[in-house]
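In what follows, a structure is listed as structure tokens, so that the remarks can point back to it.
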Amino acid sequence: EAQVTQNPRYLITVTGKKLTVTCSQNMNHEYMSWYRQDPGLGLRQIYYSMNVEVTDKGDVPEGYKVSRKEKRNFPLILESPSPNQTSLYFCASSLSDQETQYFGPGTRLLVL
Amino acid sequence: AQSVAQPEDQVNVAEGNPLTVKCTYSVSGNPYLFWYVQYPNRGLQFLLKYITGDNLVKGSYGFEAEFNKSQTSFHLKKPSALVSDSALYFCAVRRYNFNKFYFGSGTKLNVKP
């Protein structure tokens, strides 16, 4: 089954404790992206990747890092999480940046 | 700056009536426009997109949208609403030759029996 998976689905952590949210897709998609969803703000793009080793900042990249060492994986790294990063995070992938994006199920993060 | 506006936080409609969810955008150059739907505790699902060509785009589940360049709008429509259409709807835009996506704040659609 074609899908985008994210882990973990739920995470509670404390300020400053490094964490990684994994994202994997099995559709051989080139374009991958991370978003955060906050009430009243919709989705905002954090980082995106056009292909392996090619990443770029979205609208709200501060406090986040990404890497794209393999085509299927696009982890999101929070080196020193802060409470303002409490949010619902979605990973998405598409064949190219013109194509439909397929979204993962989301990761709900609470930073205390 | 590129942006998307969904002016209504919530739209209420009776089952069987037509529905419209509004979206306007601000982007330099040619836009690529998308509509996505989100059901509770789920990721976003694609409904339809406009890249080029016919201004009226038909998508999944009987939805359609009309690209209006002069009004910079891309309103989502359906002739006859179903209770199962109740969900959160997002409009998104990407500027031609640029790789960032911009989403609206979302519109909650409530369809009452």
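If you're wondering about the labels, chains in the structure tokens are A, B, ... by order shown, residues count from 1 in each chain, ligands from 1 in order shown.
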
Determine which residues of chain B sit within 9 Å of chain A, taking into account only C-alpha atoms, and present them as a PyMOL selection string.
chain B and resi 9+32+34+41-46+48-49+51+90+94+96+98-106

Could you name the residues that touch Lys58 (chain B) at 9 Å or less, counting only C-alpha atoms, but leaving out those on the same chain fewer than 4 positions away, as a compact mmCIF listing (two decimals) with all heavy atoms, in the first residue's frame?
# COMPACT_ATOMS: atom_id res chain seq x y z
N LEU B 47 -8.03 16.78 -2.92
CA LEU B 47 -9.33 16.86 -3.57
C LEU B 47 -9.20 17.19 -5.05
O LEU B 47 -9.78 16.51 -5.90
CB LEU B 47 -10.20 17.94 -2.92
CG LEU B 47 -10.95 17.57 -1.65
CD1 LEU B 47 -11.75 18.79 -1.16
CD2 LEU B 47 -11.88 16.39 -1.88
N LEU B 48 -8.47 18.27 -5.34
CA LEU B 48 -8.33 18.68 -6.73
C LEU B 48 -7.22 19.72 -6.85
O LEU B 48 -6.76 20.26 -5.84
CB LEU B 48 -9.65 19.25 -7.28
CG LEU B 48 -10.38 20.31 -6.48
CD1 LEU B 48 -9.79 21.69 -6.68
CD2 LEU B 48 -11.86 20.34 -6.86
N LYS B 49 -6.82 19.98 -8.11
CA LYS B 49 -5.76 20.97 -8.33
C LYS B 49 -5.96 21.66 -9.66
O LYS B 49 -6.58 21.11 -10.59
CB LYS B 49 -4.39 20.30 -8.30
CG LYS B 49 -4.14 19.33 -9.45
CD LYS B 49 -2.75 18.71 -9.35
CE LYS B 49 -2.53 17.68 -10.47
NZ LYS B 49 -1.23 16.99 -10.33
N GLY B 62 -17.18 14.52 -6.02
CA GLY B 62 -18.13 15.45 -6.59
C GLY B 62 -17.78 16.92 -6.41
O GLY B 62 -18.57 17.80 -6.77
N PHE B 63 -16.61 17.22 -5.87
CA PHE B 63 -16.19 18.60 -5.70
C PHE B 63 -15.62 19.17 -7.00
O PHE B 63 -15.07 18.44 -7.83
CB PHE B 63 -15.13 18.71 -4.61
CG PHE B 63 -15.68 18.61 -3.22
CD1 PHE B 63 -15.74 17.38 -2.57
CD2 PHE B 63 -16.16 19.73 -2.56
CE1 PHE B 63 -16.26 17.27 -1.29
CE2 PHE B 63 -16.68 19.64 -1.28
CZ PHE B 63 -16.73 18.41 -0.64
N GLU B 64 -15.73 20.47 -7.13
CA GLU B 64 -15.14 21.18 -8.25
C GLU B 64 -14.69 22.56 -7.78
O GLU B 64 -15.10 23.03 -6.71
CB GLU B 64 -16.12 21.32 -9.42
CG GLU B 64 -17.39 22.04 -9.08
CD GLU B 64 -18.39 22.01 -10.23
OE1 GLU B 64 -18.41 21.03 -11.01
OE2 GLU B 64 -19.16 22.98 -10.34
N ALA B 65 -13.81 23.18 -8.55
CA ALA B 65 -13.34 24.52 -8.19
C ALA B 65 -13.09 25.29 -9.47
O ALA B 65 -12.73 24.72 -10.51
CB ALA B 65 -12.06 24.43 -7.36
N GLU B 66 -13.27 26.59 -9.37
CA GLU B 66 -13.08 27.45 -10.54
C GLU B 66 -11.95 28.42 -10.29
O GLU B 66 -11.97 29.19 -9.32
CB GLU B 66 -14.35 28.21 -10.88
CG GLU B 66 -14.20 29.01 -12.18
CD GLU B 66 -15.53 29.46 -12.74
OE1 GLU B 66 -16.55 29.38 -12.02
OE2 GLU B 66 -15.55 29.90 -13.90

Would you pick out the contacts of Glu70 (chain A) at 9 Å or less, using only C-alpha atoms, so that residues sharing its chain but fewer than 4 positions from it are not included, and give the list as a ChimeraX atom specification?
/A:51-53,74

Write a file of the selected residues as a PDB file, in the first residue's frame, keeping C-alpha atoms.
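Wrote it out as selection-v9.pdb, contents follow:
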ATOM      1  CA  ASN A  51      15.652  15.059  -3.893  1.00  0.00           C
ATOM      2  CA  VAL A  52      18.430  13.285  -2.013  1.00  0.00           C
ATOM      3  CA  GLU A  53      20.834  15.766  -0.421  1.00  0.00           C
ATOM      4  CA  PHE A  74      13.071  12.690   5.542  1.00  0.00           C
TER       5      PHE A  74
END

Leu11 (chain A): which residues within 10 Å, counting only C-alpha atoms, same-chain residues fewer than 3 positions away excluded, as a ChimeraX atom specification?
/A:7-8,19,21,86,107-111

Deliver the residues from the most recent selection as a file, using C-alpha atoms, as a tab-separated table (two decimals), in the first residue's frame.
chain	number	residue	atom	x	y	z
A	7	ASN	CA	6.84	8.06	14.00
A	8	PRO	CA	6.08	8.65	16.74
A	19	LEU	CA	14.18	14.69	19.39
A	21	VAL	CA	10.43	12.63	14.10
A	86	THR	CA	4.19	22.34	20.50
A	107	THR	CA	2.71	13.64	14.88
A	108	ARG	CA	1.31	15.50	17.85
A	109	LEU	CA	4.15	17.04	19.86
A	110	LEU	CA	3.90	18.61	23.30
A	111	VAL	CA	6.98	20.39	24.66

Distance in Å - CA of Asn17 (chain B) versus CA of His75 (chain B):
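Going from CA of Asn17 (chain B) over to CA of His75 (chain B) covers 16.3 Å.
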
Pick out the closest residue to Lys71 (chain A) from this set: A:Arg9, A:Arg36, A:His29, A:Lys17. Count only C-alpha atoms.
A:His29
